[in-house]
Amino acid sequence: MSPRIAKSRPRARTKARAQAGARATGPRPRHEKPPQRPPTAAAKARANQILDLLEQAHPEATCALHWRTPYELVMATILSAQCTDERVNMVTPALFARYPDAASLAAARPADVERMIRPTGFFRAKTKSLLGCARGLFERHGGEVPRSLDVLVKLPGIGRKTASVVLGHAYDVAEGIAVDTHVLRVSNRLGIADSDDPLVVERQLMARIPRERWTRTTDLLIFHGRKICIARRPLCGQCPVFALCRWEHRQAFALGGPPRARRATSPSRQGVSRKRTPTPGRSPGAK
Ligand code: SF4
C-alpha cells in the first residue's frame, strides 16, 4: 500500500461521517441562536442575592389585580394586557357581579361585555378572548380553571404569561416565570437575563432561580420596575440592588440624569423613541 493511499482513506471516512452527522441532526437555521450554556453557580447565587435584596426592599410586592377566585384572576389577567392594573380593577367589580362564573360569561352578549370593559382598551379583542376563554372553561373543564400550564395555554386568550400568573397566584403552582415588559427590562438591566425575547428571558431566569421563587420573581421584578427601575428615568440612586446591577447607565442615572452620549442599545424594546435612547437597554451580558 502506498503512503498516498494510506493517508487519503481516513480523510474520506471522516468527511463521510461528518456529512452523515449533519444529515442526522440537520443544519441549524441561520436565524437560530446556538444553545445557551447553563448558568454558573456564581450566576445563580448572584440572581438569588438580588431577589433577597428586592424581597427586603419590597415585601409588599404582589399581584396588583383584584380577584377572589381563579376564574376572576384569569379574566382580570386577560384584561390587563396593554392596560394598567388600576384600570382593570375599576371595571372588574361590575363585570364579576354580572358574570360571576365561566358559565354566565360564556352566555354573555358580546356587546354588553364590550361596553363594560371598554376603559381597558382593545375592548373588542379582549371581549373575544374573555368569551372564548369562558366557553372553553365551561365546555371543557366544567367551569373550573385547570391547574396545568399546558392545559391552560390551550384556552383562547391565555398565553404562557397569563397561565404562569394564574397558576402561581391562584394555586401556588410554579410552572414558569411570567415575563412582562417590566420583568424583561429589569432582568436585562440587572444582568440576570440577556435577551429581547420574553421566552428566552423566562428560560434564563428559570435556570438561575429555584422553582419555589418563580412566582415571587415576577412580583418583585414587576414591582421594582414600576417603583424604582422605571423605563425612562430609573431611580438608580435609590435602588437597593445598585451594587449588583450591570446596566451601563446606572451611574449616570444615580447622579441625576441620563448620559449625554446617545447609545444604540435596544431602545425599541421599551417603547422608547430613538430621540431619548439612553434610558432603557440591557447589561452587556447576563452572568
Ligand atoms: S441600579 Fe438602576 S438600572 Fe439597575 S436595577 Fe436599580 S434602578 Fe434599575
# chains A, B, ... in the order shown; residues from 1 in each chain; ligands from 1
>>> residues_near_ligand(ligand="ligand 1", cutoff="8 Å", atoms="only C-alpha atoms and all ligand atoms", output="list in words")
Val186, Ser187, Arg189, Leu190, His224, Gly225, Ile228, Cys229, Ile230, Pro234, Leu235, Cys236, Gly237, Gln238, Cys239, Pro240, Val241, Phe242, Ala243, Leu244, Cys245, Arg246, Trp247, His249, Arg250, Gln251, Phe253 and Ala254 of chain A
>>> write_last_selection(atoms="N, CA and C atoms", output="short mmCIF file (atom, residue, chain, number, x, y, z; two decimals), in the first residue's frame")
data_model
loop_
_atom_site.label_atom_id
_atom_site.label_comp_id
_atom_site.auth_asym_id
_atom_site.auth_seq_id
_atom_site.Cartn_x
_atom_site.Cartn_y
_atom_site.Cartn_z
N VAL A 186 -36.14 44.98 33.60
CA VAL A 186 -35.36 44.95 34.84
C VAL A 186 -34.36 43.80 34.83
N SER A 187 -34.78 42.64 34.38
CA SER A 187 -33.86 41.49 34.41
C SER A 187 -32.68 41.71 33.45
N ARG A 189 -31.46 44.75 32.60
CA ARG A 189 -30.60 45.79 33.20
C ARG A 189 -29.75 45.18 34.33
N LEU A 190 -30.37 44.36 35.13
CA LEU A 190 -29.63 43.76 36.24
C LEU A 190 -28.58 42.77 35.76
N HIS A 224 -40.53 46.32 41.36
CA HIS A 224 -39.30 47.10 41.28
C HIS A 224 -39.29 47.94 39.99
N GLY A 225 -39.77 47.35 38.92
CA GLY A 225 -39.81 48.08 37.64
C GLY A 225 -40.78 49.24 37.66
N ILE A 228 -39.04 51.73 41.05
CA ILE A 228 -37.65 52.19 41.08
C ILE A 228 -37.00 52.14 39.68
N CYS A 229 -37.01 50.96 39.09
CA CYS A 229 -36.33 50.79 37.80
C CYS A 229 -37.28 51.14 36.67
N ILE A 230 -37.72 52.40 36.70
CA ILE A 230 -38.72 52.90 35.76
C ILE A 230 -38.09 52.97 34.36
N PRO A 234 -35.05 55.66 35.51
CA PRO A 234 -34.88 54.79 36.68
C PRO A 234 -34.24 55.55 37.85
N LEU A 235 -34.69 55.22 39.05
CA LEU A 235 -34.19 55.90 40.25
C LEU A 235 -32.99 55.11 40.79
N CYS A 236 -31.94 55.10 40.03
CA CYS A 236 -30.77 54.27 40.39
C CYS A 236 -30.17 54.70 41.72
N GLY A 237 -30.26 55.99 42.02
CA GLY A 237 -29.70 56.47 43.29
C GLY A 237 -30.43 55.92 44.51
N GLN A 238 -31.65 55.42 44.32
CA GLN A 238 -32.41 54.88 45.45
C GLN A 238 -32.53 53.35 45.37
N CYS A 239 -31.81 52.77 44.45
CA CYS A 239 -32.05 51.35 44.16
C CYS A 239 -31.35 50.42 45.15
N PRO A 240 -32.09 49.49 45.74
CA PRO A 240 -31.48 48.58 46.71
C PRO A 240 -30.52 47.56 46.10
N VAL A 241 -30.56 47.40 44.78
CA VAL A 241 -29.65 46.43 44.15
C VAL A 241 -28.65 47.12 43.22
N PHE A 242 -28.42 48.39 43.49
CA PHE A 242 -27.49 49.16 42.66
C PHE A 242 -26.12 48.48 42.56
N ALA A 243 -25.62 48.01 43.69
CA ALA A 243 -24.27 47.44 43.72
C ALA A 243 -24.16 46.18 42.87
N LEU A 244 -25.29 45.51 42.64
CA LEU A 244 -25.26 44.27 41.86
C LEU A 244 -25.70 44.46 40.42
N CYS A 245 -26.15 45.66 40.11
CA CYS A 245 -26.70 45.91 38.77
C CYS A 245 -25.59 46.01 37.74
N ARG A 246 -25.90 45.56 36.52
CA ARG A 246 -24.89 45.59 35.45
C ARG A 246 -25.22 46.61 34.37
N TRP A 247 -26.25 47.40 34.56
CA TRP A 247 -26.66 48.32 33.50
C TRP A 247 -25.62 49.41 33.34
N HIS A 249 -25.72 52.42 32.30
CA HIS A 249 -26.10 53.81 32.58
C HIS A 249 -26.47 54.06 34.04
N ARG A 250 -26.30 53.07 34.88
CA ARG A 250 -26.79 53.21 36.26
C ARG A 250 -26.09 54.36 37.01
N GLN A 251 -24.80 54.52 36.77
CA GLN A 251 -24.07 55.58 37.47
C GLN A 251 -24.63 56.95 37.06
N PHE A 253 -27.56 57.72 35.89
CA PHE A 253 -28.89 57.97 36.44
C PHE A 253 -28.84 58.17 37.95
N ALA A 254 -27.90 57.53 38.62
CA ALA A 254 -27.76 57.74 40.06
C ALA A 254 -27.32 59.18 40.34
#
>>> select_by_dssp(residues="stretch 19-266 of chain A", states="alpha helix (DSSP H)", output="PyMOL selection string")
chain A and resi 19-25+41-57+70-79+85-98+102-106+110-117+123-141+149-152+160-170+181-190+198-208+214-227+250-254
>>> residues_around(residues="stretch 107-114 of chain A", least_positions_apart="3", cutoff="6 Å", atoms="only C-alpha atoms", output="list in words")
Ser104, Ile117, Arg118, Phe123 and Thr127 of chain A
>>> residues_around(residues="A:Thr69", least_positions_apart="2", cutoff="10 Å", atoms="only C-alpha atoms", output="PyMOL selection string")
chain A and resi 66-67+71-74+100-101+145+170
>>> residues_around(residues="stretch 199-213 of chain A", least_positions_apart="3", cutoff="12 Å", atoms="only C-alpha atoms", output="count of residues only")
59
>>> atom_distance(atom1="atom CA of A:Ser80", atom2="atom CA of A:Ala231")
18.6 Å
>>> decode(residues="stretch 103-231 of chain A", atoms="C-alpha atoms", output="PDB file, in the first residue's frame")
ATOM      1  CA  ALA A 103     -70.985  29.667  32.670  1.00  0.00           C
ATOM      2  CA  SER A 104     -72.572  33.116  32.918  1.00  0.00           C
ATOM      3  CA  LEU A 105     -69.770  34.831  30.988  1.00  0.00           C
ATOM      4  CA  ALA A 106     -69.892  32.151  28.287  1.00  0.00           C
ATOM      5  CA  ALA A 107     -73.542  33.048  27.678  1.00  0.00           C
ATOM      6  CA  ALA A 108     -72.983  36.822  27.695  1.00  0.00           C
ATOM      7  CA  ARG A 109     -73.777  39.069  24.751  1.00  0.00           C
ATOM      8  CA  PRO A 110     -70.512  40.429  23.304  1.00  0.00           C
ATOM      9  CA  ALA A 111     -71.909  43.973  23.066  1.00  0.00           C
ATOM     10  CA  ASP A 112     -72.670  44.003  26.801  1.00  0.00           C
ATOM     11  CA  VAL A 113     -69.173  42.845  27.722  1.00  0.00           C
ATOM     12  CA  GLU A 114     -67.585  45.287  25.297  1.00  0.00           C
ATOM     13  CA  ARG A 115     -69.418  48.150  26.951  1.00  0.00           C
ATOM     14  CA  MET A 116     -68.287  47.096  30.423  1.00  0.00           C
ATOM     15  CA  ILE A 117     -64.605  46.598  29.632  1.00  0.00           C
ATOM     16  CA  ARG A 118     -64.194  49.474  27.178  1.00  0.00           C
ATOM     17  CA  PRO A 119     -61.924  51.541  29.536  1.00  0.00           C
ATOM     18  CA  THR A 120     -59.273  48.805  29.445  1.00  0.00           C
ATOM     19  CA  GLY A 121     -58.629  49.349  25.722  1.00  0.00           C
ATOM     20  CA  PHE A 122     -58.675  46.830  22.859  1.00  0.00           C
ATOM     21  CA  PHE A 123     -62.129  46.002  24.155  1.00  0.00           C
ATOM     22  CA  ARG A 124     -63.325  44.089  21.097  1.00  0.00           C
ATOM     23  CA  ALA A 125     -60.362  41.738  21.031  1.00  0.00           C
ATOM     24  CA  LYS A 126     -60.476  41.359  24.806  1.00  0.00           C
ATOM     25  CA  THR A 127     -64.199  40.559  24.713  1.00  0.00           C
ATOM     26  CA  LYS A 128     -63.467  37.812  22.202  1.00  0.00           C
ATOM     27  CA  SER A 129     -60.764  36.428  24.487  1.00  0.00           C
ATOM     28  CA  LEU A 130     -62.938  36.631  27.609  1.00  0.00           C
ATOM     29  CA  LEU A 131     -65.916  34.904  25.986  1.00  0.00           C
ATOM     30  CA  GLY A 132     -63.753  32.315  24.220  1.00  0.00           C
ATOM     31  CA  CYS A 133     -61.922  31.533  27.426  1.00  0.00           C
ATOM     32  CA  ALA A 134     -65.159  31.351  29.442  1.00  0.00           C
ATOM     33  CA  ARG A 135     -66.661  28.965  26.873  1.00  0.00           C
ATOM     34  CA  GLY A 136     -63.525  26.830  26.942  1.00  0.00           C
ATOM     35  CA  LEU A 137     -63.597  26.676  30.739  1.00  0.00           C
ATOM     36  CA  PHE A 138     -67.294  25.868  30.798  1.00  0.00           C
ATOM     37  CA  GLU A 139     -67.369  23.317  27.983  1.00  0.00           C
ATOM     38  CA  ARG A 140     -64.032  21.559  28.516  1.00  0.00           C
ATOM     39  CA  HIS A 141     -63.366  21.913  32.230  1.00  0.00           C
ATOM     40  CA  GLY A 142     -66.780  22.162  33.895  1.00  0.00           C
ATOM     41  CA  GLY A 143     -66.184  25.845  34.684  1.00  0.00           C
ATOM     42  CA  GLU A 144     -63.035  25.116  36.706  1.00  0.00           C
ATOM     43  CA  VAL A 145     -59.678  26.691  35.932  1.00  0.00           C
ATOM     44  CA  PRO A 146     -57.190  23.879  35.172  1.00  0.00           C
ATOM     45  CA  ARG A 147     -54.015  23.591  37.244  1.00  0.00           C
ATOM     46  CA  SER A 148     -51.647  22.856  34.398  1.00  0.00           C
ATOM     47  CA  LEU A 149     -49.845  25.325  32.175  1.00  0.00           C
ATOM     48  CA  ASP A 150     -50.047  23.054  29.136  1.00  0.00           C
ATOM     49  CA  VAL A 151     -53.828  22.801  29.514  1.00  0.00           C
ATOM     50  CA  LEU A 152     -54.337  26.478  30.303  1.00  0.00           C
ATOM     51  CA  VAL A 153     -52.484  27.737  27.244  1.00  0.00           C
ATOM     52  CA  LYS A 154     -54.865  25.775  25.013  1.00  0.00           C
ATOM     53  CA  LEU A 155     -57.708  28.062  26.096  1.00  0.00           C
ATOM     54  CA  PRO A 156     -58.466  31.115  23.942  1.00  0.00           C
ATOM     55  CA  GLY A 157     -56.895  34.321  25.252  1.00  0.00           C
ATOM     56  CA  ILE A 158     -54.457  32.578  27.587  1.00  0.00           C
ATOM     57  CA  GLY A 159     -50.764  32.682  26.805  1.00  0.00           C
ATOM     58  CA  ARG A 160     -47.817  31.460  28.811  1.00  0.00           C
ATOM     59  CA  LYS A 161     -47.574  34.689  30.799  1.00  0.00           C
ATOM     60  CA  THR A 162     -51.233  34.670  31.861  1.00  0.00           C
ATOM     61  CA  ALA A 163     -51.066  30.962  32.693  1.00  0.00           C
ATOM     62  CA  SER A 164     -47.992  31.447  34.915  1.00  0.00           C
ATOM     63  CA  VAL A 165     -49.636  34.343  36.769  1.00  0.00           C
ATOM     64  CA  VAL A 166     -52.835  32.352  37.351  1.00  0.00           C
ATOM     65  CA  LEU A 167     -51.108  29.132  38.430  1.00  0.00           C
ATOM     66  CA  GLY A 168     -48.676  30.921  40.718  1.00  0.00           C
ATOM     67  CA  HIS A 169     -51.195  33.121  42.490  1.00  0.00           C
ATOM     68  CA  ALA A 170     -54.395  31.079  42.429  1.00  0.00           C
ATOM     69  CA  TYR A 171     -52.901  27.635  43.058  1.00  0.00           C
ATOM     70  CA  ASP A 172     -49.336  28.246  44.259  1.00  0.00           C
ATOM     71  CA  VAL A 173     -48.137  26.134  41.336  1.00  0.00           C
ATOM     72  CA  ALA A 174     -44.923  27.291  39.651  1.00  0.00           C
ATOM     73  CA  GLU A 175     -44.566  26.088  36.076  1.00  0.00           C
ATOM     74  CA  GLY A 176     -42.988  29.218  34.633  1.00  0.00           C
ATOM     75  CA  ILE A 177     -41.996  32.814  35.277  1.00  0.00           C
ATOM     76  CA  ALA A 178     -44.331  35.399  33.805  1.00  0.00           C
ATOM     77  CA  VAL A 179     -42.228  37.867  31.795  1.00  0.00           C
ATOM     78  CA  ASP A 180     -43.970  41.150  31.091  1.00  0.00           C
ATOM     79  CA  THR A 181     -42.416  44.427  29.971  1.00  0.00           C
ATOM     80  CA  HIS A 182     -41.126  45.220  33.494  1.00  0.00           C
ATOM     81  CA  VAL A 183     -39.581  41.797  34.058  1.00  0.00           C
ATOM     82  CA  LEU A 184     -37.981  41.979  30.617  1.00  0.00           C
ATOM     83  CA  ARG A 185     -36.466  45.412  31.215  1.00  0.00           C
ATOM     84  CA  VAL A 186     -35.360  44.954  34.842  1.00  0.00           C
ATOM     85  CA  SER A 187     -33.861  41.494  34.414  1.00  0.00           C
ATOM     86  CA  ASN A 188     -31.844  42.689  31.397  1.00  0.00           C
ATOM     87  CA  ARG A 189     -30.600  45.786  33.200  1.00  0.00           C
ATOM     88  CA  LEU A 190     -29.628  43.755  36.243  1.00  0.00           C
ATOM     89  CA  GLY A 191     -27.832  41.281  34.026  1.00  0.00           C
ATOM     90  CA  ILE A 192     -29.707  38.203  35.222  1.00  0.00           C
ATOM     91  CA  ALA A 193     -31.068  37.775  31.689  1.00  0.00           C
ATOM     92  CA  ASP A 194     -29.861  38.833  28.288  1.00  0.00           C
ATOM     93  CA  SER A 195     -32.451  38.839  25.549  1.00  0.00           C
ATOM     94  CA  ASP A 196     -35.261  40.830  23.959  1.00  0.00           C
ATOM     95  CA  ASP A 197     -37.362  37.699  23.723  1.00  0.00           C
ATOM     96  CA  PRO A 198     -39.657  37.049  26.735  1.00  0.00           C
ATOM     97  CA  LEU A 199     -39.483  33.296  26.200  1.00  0.00           C
ATOM     98  CA  VAL A 200     -35.690  33.304  26.234  1.00  0.00           C
ATOM     99  CA  VAL A 201     -35.643  35.563  29.303  1.00  0.00           C
ATOM    100  CA  GLU A 202     -38.062  33.216  31.054  1.00  0.00           C
ATOM    101  CA  ARG A 203     -35.783  30.258  30.340  1.00  0.00           C
ATOM    102  CA  GLN A 204     -32.728  32.165  31.558  1.00  0.00           C
ATOM    103  CA  LEU A 205     -34.444  33.187  34.790  1.00  0.00           C
ATOM    104  CA  MET A 206     -35.775  29.677  35.385  1.00  0.00           C
ATOM    105  CA  ALA A 207     -32.251  28.319  35.007  1.00  0.00           C
ATOM    106  CA  ARG A 208     -30.893  30.723  37.649  1.00  0.00           C
ATOM    107  CA  ILE A 209     -33.688  30.837  40.198  1.00  0.00           C
ATOM    108  CA  PRO A 210     -35.114  27.904  42.178  1.00  0.00           C
ATOM    109  CA  ARG A 211     -38.689  26.918  41.365  1.00  0.00           C
ATOM    110  CA  GLU A 212     -40.053  27.941  44.762  1.00  0.00           C
ATOM    111  CA  ARG A 213     -39.105  31.549  43.978  1.00  0.00           C
ATOM    112  CA  TRP A 214     -40.548  31.765  40.465  1.00  0.00           C
ATOM    113  CA  THR A 215     -43.848  33.419  41.364  1.00  0.00           C
ATOM    114  CA  ARG A 216     -42.148  35.899  43.701  1.00  0.00           C
ATOM    115  CA  THR A 217     -39.609  36.670  40.987  1.00  0.00           C
ATOM    116  CA  THR A 218     -42.366  38.032  38.757  1.00  0.00           C
ATOM    117  CA  ASP A 219     -43.982  40.006  41.590  1.00  0.00           C
ATOM    118  CA  LEU A 220     -40.702  41.515  42.758  1.00  0.00           C
ATOM    119  CA  LEU A 221     -39.342  42.449  39.336  1.00  0.00           C
ATOM    120  CA  ILE A 222     -42.662  43.999  38.275  1.00  0.00           C
ATOM    121  CA  PHE A 223     -42.925  45.982  41.499  1.00  0.00           C
ATOM    122  CA  HIS A 224     -39.301  47.105  41.277  1.00  0.00           C
ATOM    123  CA  GLY A 225     -39.806  48.075  37.642  1.00  0.00           C
ATOM    124  CA  ARG A 226     -42.829  50.195  38.495  1.00  0.00           C
ATOM    125  CA  LYS A 227     -41.429  51.944  41.560  1.00  0.00           C
ATOM    126  CA  ILE A 228     -37.650  52.195  41.076  1.00  0.00           C
ATOM    127  CA  CYS A 229     -36.326  50.787  37.802  1.00  0.00           C
ATOM    128  CA  ILE A 230     -38.719  52.900  35.765  1.00  0.00           C
ATOM    129  CA  ALA A 231     -38.356  52.637  31.993  1.00  0.00           C
TER     130      ALA A 231
END
